[in-house]
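Chemist: Provided herewith: entry_15.pdb, PDB, N, CA and C atoms, pLDDT in the B column.
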```pdb
MODEL        1
ATOM      1  N   LYS I  21      11.098  15.154   3.613  1.00 75.00           N
ATOM      2  CA  LYS I  21      10.014  15.470   4.523  1.00 75.00           C
ATOM      3  C   LYS I  21       8.716  15.749   3.758  1.00 75.00           C
ATOM      4  N   TYR I  22       8.823  16.385   2.605  1.00 78.00           N
ATOM      5  CA  TYR I  22       7.620  16.747   1.855  1.00 78.00           C
ATOM      6  C   TYR I  22       6.819  15.529   1.417  1.00 78.00           C
ATOM      7  N   SER I  23       7.494  14.430   1.110  1.00 84.00           N
ATOM      8  CA  SER I  23       6.783  13.252   0.615  1.00 84.00           C
ATOM      9  C   SER I  23       6.265  12.351   1.726  1.00 84.00           C
ATOM     10  N   THR I  24       6.523  12.706   2.988  1.00 89.00           N
ATOM     11  CA  THR I  24       6.037  11.880   4.097  1.00 89.00           C
ATOM     12  C   THR I  24       5.149  12.648   5.078  1.00 89.00           C
ATOM     13  N   ASP I  25       5.161  13.955   5.038  1.00 92.00           N
ATOM     14  CA  ASP I  25       4.417  14.798   5.984  1.00 92.00           C
ATOM     15  C   ASP I  25       3.354  15.579   5.224  1.00 92.00           C
ATOM     16  N   ILE I  26       2.079  15.368   5.551  1.00 93.00           N
ATOM     17  CA  ILE I  26       0.992  16.012   4.811  1.00 93.00           C
ATOM     18  C   ILE I  26       1.053  17.537   4.927  1.00 93.00           C
ATOM     19  N   ALA I  27       1.472  18.065   6.057  1.00 94.00           N
ATOM     20  CA  ALA I  27       1.574  19.526   6.197  1.00 94.00           C
ATOM     21  C   ALA I  27       2.628  20.091   5.240  1.00 94.00           C
ATOM     22  N   ALA I  28       3.737  19.395   5.113  1.00 94.00           N
ATOM     23  CA  ALA I  28       4.788  19.826   4.189  1.00 94.00           C
ATOM     24  C   ALA I  28       4.313  19.660   2.742  1.00 94.00           C
ATOM     25  N   ALA I  29       3.637  18.559   2.447  1.00 95.00           N
ATOM     26  CA  ALA I  29       3.128  18.335   1.095  1.00 95.00           C
ATOM     27  C   ALA I  29       2.093  19.394   0.729  1.00 95.00           C
ATOM     28  N   TRP I  30       1.313  19.842   1.707  1.00 95.00           N
ATOM     29  CA  TRP I  30       0.325  20.881   1.419  1.00 95.00           C
ATOM     30  C   TRP I  30       1.010  22.190   1.034  1.00 95.00           C
ATOM     31  N   ARG I  31       2.202  22.444   1.563  1.00 96.00           N
ATOM     32  CA  ARG I  31       2.973  23.622   1.138  1.00 96.00           C
ATOM     33  C   ARG I  31       3.375  23.488  -0.326  1.00 96.00           C
ATOM     34  N   VAL I  32       3.626  22.256  -0.775  1.00 95.00           N
ATOM     35  CA  VAL I  32       3.910  22.020  -2.197  1.00 95.00           C
ATOM     36  C   VAL I  32       2.680  22.400  -3.028  1.00 95.00           C
ATOM     37  N   VAL I  33       1.487  21.995  -2.580  1.00 96.00           N
ATOM     38  CA  VAL I  33       0.248  22.339  -3.286  1.00 96.00           C
ATOM     39  C   VAL I  33       0.103  23.859  -3.368  1.00 96.00           C
ATOM     40  N   ASP I  34       0.333  24.546  -2.254  1.00 97.00           N
ATOM     41  CA  ASP I  34       0.235  26.012  -2.241  1.00 97.00           C
ATOM     42  C   ASP I  34       1.246  26.652  -3.186  1.00 97.00           C
ATOM     43  N   THR I  35       2.470  26.157  -3.184  1.00 95.00           N
ATOM     44  CA  THR I  35       3.510  26.700  -4.061  1.00 95.00           C
ATOM     45  C   THR I  35       3.159  26.461  -5.521  1.00 95.00           C
ATOM     46  N   MET I  36       2.656  25.279  -5.828  1.00 94.00           N
ATOM     47  CA  MET I  36       2.258  24.995  -7.206  1.00 94.00           C
ATOM     48  C   MET I  36       1.104  25.898  -7.638  1.00 94.00           C
ATOM     49  N   ALA I  37       0.186  26.196  -6.732  1.00 94.00           N
ATOM     50  CA  ALA I  37      -0.913  27.117  -7.055  1.00 94.00           C
ATOM     51  C   ALA I  37      -0.358  28.501  -7.380  1.00 94.00           C
ATOM     52  N   GLU I  38       0.628  28.942  -6.621  1.00 95.00           N
ATOM     53  CA  GLU I  38       1.259  30.231  -6.890  1.00 95.00           C
ATOM     54  C   GLU I  38       1.962  30.230  -8.245  1.00 95.00           C
ATOM     55  N   ARG I  39       2.396  29.064  -8.692  1.00 91.00           N
ATOM     56  CA  ARG I  39       3.096  28.935  -9.983  1.00 91.00           C
ATOM     57  C   ARG I  39       2.151  28.627 -11.136  1.00 91.00           C
ATOM     58  N   GLY I  40       0.843  28.629 -10.857  1.00 90.00           N
ATOM     59  CA  GLY I  40      -0.126  28.487 -11.940  1.00 90.00           C
ATOM     60  C   GLY I  40      -0.709  27.109 -12.145  1.00 90.00           C
ATOM     61  N   PHE I  41      -0.696  26.267 -11.113  1.00 90.00           N
ATOM     62  CA  PHE I  41      -1.275  24.926 -11.217  1.00 90.00           C
ATOM     63  C   PHE I  41      -2.327  24.723 -10.133  1.00 90.00           C
ATOM     64  N   TRP I  42      -3.369  23.998 -10.452  1.00 89.00           N
ATOM     65  CA  TRP I  42      -4.298  23.541  -9.424  1.00 89.00           C
ATOM     66  C   TRP I  42      -4.113  22.049  -9.242  1.00 89.00           C
ATOM     67  N   CYS I  43      -4.508  21.559  -8.083  1.00 91.00           N
ATOM     68  CA  CYS I  43      -4.275  20.161  -7.729  1.00 91.00           C
ATOM     69  C   CYS I  43      -5.602  19.442  -7.494  1.00 91.00           C
ATOM     70  N   GLN I  44      -5.667  18.225  -7.996  1.00 90.00           N
ATOM     71  CA  GLN I  44      -6.791  17.337  -7.707  1.00 90.00           C
ATOM     72  C   GLN I  44      -6.226  16.133  -6.967  1.00 90.00           C
ATOM     73  N   MET I  45      -6.903  15.700  -5.902  1.00 91.00           N
ATOM     74  CA  MET I  45      -6.431  14.572  -5.095  1.00 91.00           C
ATOM     75  C   MET I  45      -7.571  13.592  -4.866  1.00 91.00           C
ATOM     76  N   ARG I  46      -7.200  12.332  -4.738  1.00 87.00           N
ATOM     77  CA  ARG I  46      -8.187  11.300  -4.433  1.00 87.00           C
ATOM     78  C   ARG I  46      -7.616  10.332  -3.414  1.00 87.00           C
ATOM     79  N   THR I  47      -8.473   9.845  -2.559  1.00 87.00           N
ATOM     80  CA  THR I  47      -8.077   8.816  -1.606  1.00 87.00           C
ATOM     81  C   THR I  47      -8.357   7.453  -2.237  1.00 87.00           C
ATOM     82  N   PRO I  48      -7.758   6.395  -1.710  1.00 83.00           N
ATOM     83  CA  PRO I  48      -7.973   5.074  -2.309  1.00 83.00           C
ATOM     84  C   PRO I  48      -9.436   4.637  -2.214  1.00 83.00           C
ATOM     85  N   PHE I  49      -9.898   4.022  -3.269  1.00 71.00           N
ATOM     86  CA  PHE I  49     -11.188   3.366  -3.218  1.00 71.00           C
ATOM     87  C   PHE I  49     -11.161   2.214  -4.209  1.00 71.00           C
ATOM     88  N   GLU I  50     -11.888   1.193  -3.891  1.00 58.00           N
ATOM     89  CA  GLU I  50     -11.843  -0.028  -4.684  1.00 58.00           C
ATOM     90  C   GLU I  50     -12.333   0.222  -6.104  1.00 58.00           C
ATOM     91  N   GLY I  51     -11.696  -0.451  -7.041  1.00 56.00           N
ATOM     92  CA  GLY I  51     -12.118  -0.349  -8.428  1.00 56.00           C
ATOM     93  C   GLY I  51     -11.376   0.717  -9.210  1.00 56.00           C
ATOM     94  N   TYR I  52     -10.430   1.424  -8.571  1.00 56.00           N
ATOM     95  CA  TYR I  52      -9.680   2.458  -9.270  1.00 56.00           C
ATOM     96  C   TYR I  52      -8.195   2.187  -9.102  1.00 56.00           C
ATOM     97  N   GLY I  53      -7.550   1.764 -10.135  1.00 57.00           N
ATOM     98  CA  GLY I  53      -6.111   1.527 -10.072  1.00 57.00           C
ATOM     99  C   GLY I  53      -5.751   0.477  -9.034  1.00 57.00           C
ATOM    100  N   LYS I  54      -4.636   0.717  -8.364  1.00 61.00           N
ATOM    101  CA  LYS I  54      -4.137  -0.226  -7.356  1.00 61.00           C
ATOM    102  C   LYS I  54      -4.684   0.076  -5.975  1.00 61.00           C
ATOM    103  N   GLY I  55      -5.569   1.051  -5.852  1.00 65.00           N
ATOM    104  CA  GLY I  55      -6.078   1.422  -4.552  1.00 65.00           C
ATOM    105  C   GLY I  55      -5.175   2.396  -3.823  1.00 65.00           C
ATOM    106  N   ASP I  56      -4.216   2.987  -4.533  1.00 84.00           N
ATOM    107  CA  ASP I  56      -3.316   3.960  -3.936  1.00 84.00           C
ATOM    108  C   ASP I  56      -3.956   5.344  -3.902  1.00 84.00           C
ATOM    109  N   TYR I  57      -3.304   6.236  -3.172  1.00 91.00           N
ATOM    110  CA  TYR I  57      -3.680   7.643  -3.228  1.00 91.00           C
ATOM    111  C   TYR I  57      -3.302   8.179  -4.603  1.00 91.00           C
ATOM    112  N   TRP I  58      -3.940   9.254  -5.004  1.00 88.00           N
ATOM    113  CA  TRP I  58      -3.778   9.776  -6.349  1.00 88.00           C
ATOM    114  C   TRP I  58      -3.750  11.295  -6.263  1.00 88.00           C
ATOM    115  N   ALA I  59      -2.836  11.945  -6.981  1.00 92.00           N
ATOM    116  CA  ALA I  59      -2.784  13.407  -7.040  1.00 92.00           C
ATOM    117  C   ALA I  59      -2.319  13.821  -8.421  1.00 92.00           C
ATOM    118  N   GLY I  60      -2.780  14.984  -8.857  1.00 91.00           N
ATOM    119  CA  GLY I  60      -2.369  15.488 -10.163  1.00 91.00           C
ATOM    120  C   GLY I  60      -2.478  17.001 -10.234  1.00 91.00           C
ATOM    121  N   PHE I  61      -1.642  17.589 -11.076  1.00 92.00           N
ATOM    122  CA  PHE I  61      -1.631  19.038 -11.276  1.00 92.00           C
ATOM    123  C   PHE I  61      -1.952  19.369 -12.728  1.00 92.00           C
ATOM    124  N   THR I  62      -2.723  20.422 -12.921  1.00 88.00           N
ATOM    125  CA  THR I  62      -3.063  20.938 -14.241  1.00 88.00           C
ATOM    126  C   THR I  62      -2.872  22.446 -14.210  1.00 88.00           C
ATOM    127  N   PRO I  63      -2.319  23.020 -15.289  1.00 85.00           N
ATOM    128  CA  PRO I  63      -2.153  24.475 -15.332  1.00 85.00           C
ATOM    129  C   PRO I  63      -3.503  25.194 -15.231  1.00 85.00           C
ATOM    130  N   HIS I  64      -3.516  26.332 -14.556  1.00 82.00           N
ATOM    131  CA  HIS I  64      -4.713  27.177 -14.523  1.00 82.00           C
ATOM    132  C   HIS I  64      -5.110  27.516 -15.958  1.00 82.00           C
ATOM    133  N   SER I  65      -6.371  27.743 -16.184  1.00 76.00           N
ATOM    134  CA  SER I  65      -6.918  28.145 -17.494  1.00 76.00           C
ATOM    135  C   SER I  65      -6.788  27.065 -18.561  1.00 76.00           C
ATOM    136  N   THR I  66      -6.693  25.808 -18.162  1.00 68.00           N
ATOM    137  CA  THR I  66      -6.642  24.716 -19.131  1.00 68.00           C
ATOM    138  C   THR I  66      -8.025  24.519 -19.733  1.00 68.00           C
ATOM    139  N   THR I  67      -8.070  24.383 -21.039  1.00 60.00           N
ATOM    140  CA  THR I  67      -9.347  24.113 -21.701  1.00 60.00           C
ATOM    141  C   THR I  67      -9.372  22.657 -22.136  1.00 60.00           C
ATOM    142  N   GLY I  68     -10.555  22.158 -22.428  1.00 55.00           N
ATOM    143  CA  GLY I  68     -10.685  20.774 -22.862  1.00 55.00           C
ATOM    144  C   GLY I  68     -10.531  19.785 -21.721  1.00 55.00           C
ATOM    145  N   TRP I  69     -10.986  20.143 -20.531  1.00 58.00           N
ATOM    146  CA  TRP I  69     -10.870  19.293 -19.350  1.00 58.00           C
ATOM    147  C   TRP I  69     -11.504  17.934 -19.602  1.00 58.00           C
ATOM    148  N   ASN I  70     -10.744  16.869 -19.351  1.00 62.00           N
ATOM    149  CA  ASN I  70     -11.245  15.508 -19.567  1.00 62.00           C
ATOM    150  C   ASN I  70     -11.455  14.751 -18.258  1.00 62.00           C
ATOM    151  N   GLY I  71     -11.367  15.444 -17.130  1.00 62.00           N
ATOM    152  CA  GLY I  71     -11.585  14.806 -15.839  1.00 62.00           C
ATOM    153  C   GLY I  71     -10.332  14.290 -15.169  1.00 62.00           C
ATOM    154  N   ARG I  72      -9.180  14.386 -15.832  1.00 66.00           N
ATOM    155  CA  ARG I  72      -7.929  13.906 -15.255  1.00 66.00           C
ATOM    156  C   ARG I  72      -6.853  14.978 -15.453  1.00 66.00           C
ATOM    157  N   PRO I  73      -6.165  15.364 -14.373  1.00 70.00           N
ATOM    158  CA  PRO I  73      -5.087  16.344 -14.512  1.00 70.00           C
ATOM    159  C   PRO I  73      -3.998  15.868 -15.472  1.00 70.00           C
ATOM    160  N   ASP I  74      -3.299  16.813 -16.044  1.00 76.00           N
ATOM    161  CA  ASP I  74      -2.243  16.506 -17.007  1.00 76.00           C
ATOM    162  C   ASP I  74      -1.084  15.731 -16.376  1.00 76.00           C
ATOM    163  N   HIS I  75      -0.728  16.070 -15.160  1.00 83.00           N
ATOM    164  CA  HIS I  75       0.452  15.491 -14.504  1.00 83.00           C
ATOM    165  C   HIS I  75      -0.005  14.805 -13.221  1.00 83.00           C
ATOM    166  N   TRP I  76      -0.278  13.513 -13.305  1.00 85.00           N
ATOM    167  CA  TRP I  76      -0.820  12.806 -12.141  1.00 85.00           C
ATOM    168  C   TRP I  76       0.014  11.568 -11.832  1.00 85.00           C
ATOM    169  N   THR I  77      -0.060  11.142 -10.578  1.00 90.00           N
ATOM    170  CA  THR I  77       0.630   9.936 -10.125  1.00 90.00           C
ATOM    171  C   THR I  77      -0.185   9.253  -9.039  1.00 90.00           C
ATOM    172  N   GLN I  78       0.129   7.995  -8.812  1.00 89.00           N
ATOM    173  CA  GLN I  78      -0.422   7.241  -7.695  1.00 89.00           C
ATOM    174  C   GLN I  78       0.729   6.878  -6.772  1.00 89.00           C
ATOM    175  N   ALA I  79       0.442   6.772  -5.476  1.00 91.00           N
ATOM    176  CA  ALA I  79       1.448   6.383  -4.492  1.00 91.00           C
ATOM    177  C   ALA I  79       0.747   5.799  -3.270  1.00 91.00           C
ATOM    178  N   GLU I  80       1.534   5.200  -2.381  1.00 89.00           N
ATOM    179  CA  GLU I  80       0.960   4.582  -1.187  1.00 89.00           C
ATOM    180  C   GLU I  80       0.458   5.600  -0.181  1.00 89.00           C
ATOM    181  N   THR I  81       0.966   6.844  -0.241  1.00 92.00           N
ATOM    182  CA  THR I  81       0.504   7.901   0.663  1.00 92.00           C
ATOM    183  C   THR I  81       0.167   9.140  -0.161  1.00 92.00           C
ATOM    184  N   LEU I  82      -0.720   9.975   0.363  1.00 93.00           N
ATOM    185  CA  LEU I  82      -1.078  11.204  -0.343  1.00 93.00           C
ATOM    186  C   LEU I  82       0.091  12.177  -0.454  1.00 93.00           C
ATOM    187  N   PRO I  83       0.894  12.394   0.605  1.00 95.00           N
ATOM    188  CA  PRO I  83       2.032  13.301   0.450  1.00 95.00           C
ATOM    189  C   PRO I  83       2.990  12.854  -0.659  1.00 95.00           C
ATOM    190  N   HIS I  84       3.214  11.558  -0.776  1.00 95.00           N
ATOM    191  CA  HIS I  84       4.111  11.052  -1.815  1.00 95.00           C
ATOM    192  C   HIS I  84       3.515  11.285  -3.208  1.00 95.00           C
ATOM    193  N   ALA I  85       2.223  11.033  -3.377  1.00 94.00           N
ATOM    194  CA  ALA I  85       1.562  11.266  -4.662  1.00 94.00           C
ATOM    195  C   ALA I  85       1.619  12.744  -5.042  1.00 94.00           C
ATOM    196  N   ILE I  86       1.399  13.634  -4.074  1.00 95.00           N
ATOM    197  CA  ILE I  86       1.469  15.074  -4.334  1.00 95.00           C
ATOM    198  C   ILE I  86       2.855  15.454  -4.834  1.00 95.00           C
ATOM    199  N   CYS I  87       3.879  15.000  -4.153  1.00 95.00           N
ATOM    200  CA  CYS I  87       5.249  15.365  -4.521  1.00 95.00           C
ATOM    201  C   CYS I  87       5.641  14.808  -5.885  1.00 95.00           C
ATOM    202  N   LEU I  88       5.282  13.567  -6.165  1.00 94.00           N
ATOM    203  CA  LEU I  88       5.612  12.986  -7.458  1.00 94.00           C
ATOM    204  C   LEU I  88       4.927  13.732  -8.602  1.00 94.00           C
ATOM    205  N   SER I  89       3.662  14.062  -8.416  1.00 94.00           N
ATOM    206  CA  SER I  89       2.943  14.764  -9.485  1.00 94.00           C
ATOM    207  C   SER I  89       3.440  16.199  -9.644  1.00 94.00           C
ATOM    208  N   ALA I  90       3.841  16.846  -8.551  1.00 95.00           N
ATOM    209  CA  ALA I  90       4.412  18.192  -8.652  1.00 95.00           C
ATOM    210  C   ALA I  90       5.724  18.156  -9.434  1.00 95.00           C
ATOM    211  N   LEU I  91       6.525  17.133  -9.203  1.00 94.00           N
ATOM    212  CA  LEU I  91       7.767  16.993  -9.958  1.00 94.00           C
ATOM    213  C   LEU I  91       7.492  16.787 -11.448  1.00 94.00           C
ATOM    214  N   LYS I  92       6.475  15.987 -11.778  1.00 92.00           N
ATOM    215  CA  LYS I  92       6.119  15.775 -13.180  1.00 92.00           C
ATOM    216  C   LYS I  92       5.687  17.084 -13.833  1.00 92.00           C
ATOM    217  N   ALA I  93       4.871  17.861 -13.118  1.00 90.00           N
ATOM    218  CA  ALA I  93       4.384  19.133 -13.675  1.00 90.00           C
ATOM    219  C   ALA I  93       5.540  20.109 -13.852  1.00 90.00           C
ATOM    220  N   ALA I  94       6.433  20.188 -12.876  1.00 87.00           N
ATOM    221  CA  ALA I  94       7.571  21.102 -12.965  1.00 87.00           C
ATOM    222  C   ALA I  94       8.512  20.691 -14.090  1.00 87.00           C
ATOM    223  N   GLU I  95       8.714  19.393 -14.255  1.00 83.00           N
ATOM    224  CA  GLU I  95       9.577  18.895 -15.332  1.00 83.00           C
ATOM    225  C   GLU I  95       9.003  19.264 -16.693  1.00 83.00           C
ATOM    226  N   GLU I  96       7.700  19.107 -16.851  1.00 75.00           N
ATOM    227  CA  GLU I  96       7.052  19.426 -18.114  1.00 75.00           C
ATOM    228  C   GLU I  96       7.150  20.923 -18.421  1.00 75.00           C
ATOM    229  N   ARG I  97       6.996  21.724 -17.407  1.00 66.00           N
ATOM    230  CA  ARG I  97       7.065  23.174 -17.599  1.00 66.00           C
ATOM    231  C   ARG I  97       8.470  23.585 -18.049  1.00 66.00           C
ATOM    232  N   GLU I  98       9.491  22.865 -17.595  1.00 66.00           N
ATOM    233  CA  GLU I  98      10.884  23.171 -17.979  1.00 66.00           C
ATOM    234  C   GLU I  98      11.138  22.915 -19.459  1.00 66.00           C
ATOM    235  N   ARG I  99      10.365  21.999 -20.057  1.00 62.00           N
ATOM    236  CA  ARG I  99      10.576  21.651 -21.471  1.00 62.00           C
ATOM    237  C   ARG I  99      10.144  22.711 -22.383  1.00 62.00           C
TER
ENDMDL
END
```
Show how you would write the structure in this file as structure tokens.
Modeler:
Amino acid sequence: KYSTDIAAAWRVVDTMAERGFWCQMRTPFEGYGKGDYWAGFTPHSTTGWNGRPDHWTQAETLPHAICLSALKAAEERER
């Protein structure tokens, strides 16, 4: 449900914020990648910002991109 419902995916964003990550999201626009939605998470207090979150993904829908990038961030934190 989280990867198909924007309200559920937004709860993922809120939970990740509580765990120390902020989220950046983009809607499709021509000239950027495949034209998919894009989301990424970066830990709070990150220095050396280069304009792109550390853990980002593209997907056909925004909820799916949010969930995929949250999984990447959580996996990295486990390491």
Chemist: Written as a PyMOL selection string, which residues does the PyMOL selection byres (((chain I and resi 23 and name CA) around 6) and name CA) give for the file shown?
Modeler: chain I and resi 21-22+24+83-84+87
Chemist: For those residues, write N, CA and C atoms to a file as an mmCIF file, in the frame of the given file.
Modeler:
```cif
data_model
loop_
_atom_site.group_PDB
_atom_site.id
_atom_site.type_symbol
_atom_site.label_atom_id
_atom_site.label_comp_id
_atom_site.auth_asym_id
_atom_site.auth_seq_id
_atom_site.Cartn_x
_atom_site.Cartn_y
_atom_site.Cartn_z
ATOM 1 N N LYS I 21 11.098 15.154 3.613
ATOM 2 C CA LYS I 21 10.014 15.470 4.523
ATOM 3 C C LYS I 21 8.716 15.749 3.758
ATOM 4 N N TYR I 22 8.823 16.385 2.605
ATOM 5 C CA TYR I 22 7.620 16.747 1.855
ATOM 6 C C TYR I 22 6.819 15.529 1.417
ATOM 7 N N THR I 24 6.523 12.706 2.988
ATOM 8 C CA THR I 24 6.037 11.880 4.097
ATOM 9 C C THR I 24 5.149 12.648 5.078
ATOM 10 N N PRO I 83 0.894 12.394 0.605
ATOM 11 C CA PRO I 83 2.032 13.301 0.450
ATOM 12 C C PRO I 83 2.990 12.854 -0.659
ATOM 13 N N HIS I 84 3.214 11.558 -0.776
ATOM 14 C CA HIS I 84 4.111 11.052 -1.815
ATOM 15 C C HIS I 84 3.515 11.285 -3.208
ATOM 16 N N CYS I 87 3.879 15.000 -4.153
ATOM 17 C CA CYS I 87 5.249 15.365 -4.521
ATOM 18 C C CYS I 87 5.641 14.808 -5.885
#
```
Chemist: Find the residues around Asp56 (chain I) up to 8 Å (only C-alpha atoms counted), leave out those fewer than 6 positions away in its own chain, and share them as a PyMOL selection string.
Modeler: chain I and resi 47-49+78-81
Chemist: Evaluate the PyMOL selection byres (((chain I and resi 46 and name CA) around 8) and name CA) and record the selected residues as an MDAnalysis selection string, following the chain and residue labels used in the document.
Modeler: chainID I and resid 44:45 47:48 57:59
Chemist: Can you translate the PyMOL selection byres (((chain I and resi 90 and name CA) around 8) and name CA) into the concrete residues it hits in this file, as an MDAnalysis selection string?
Modeler: chainID I and resid 32:33 36 60:61 75 86:89 91:94
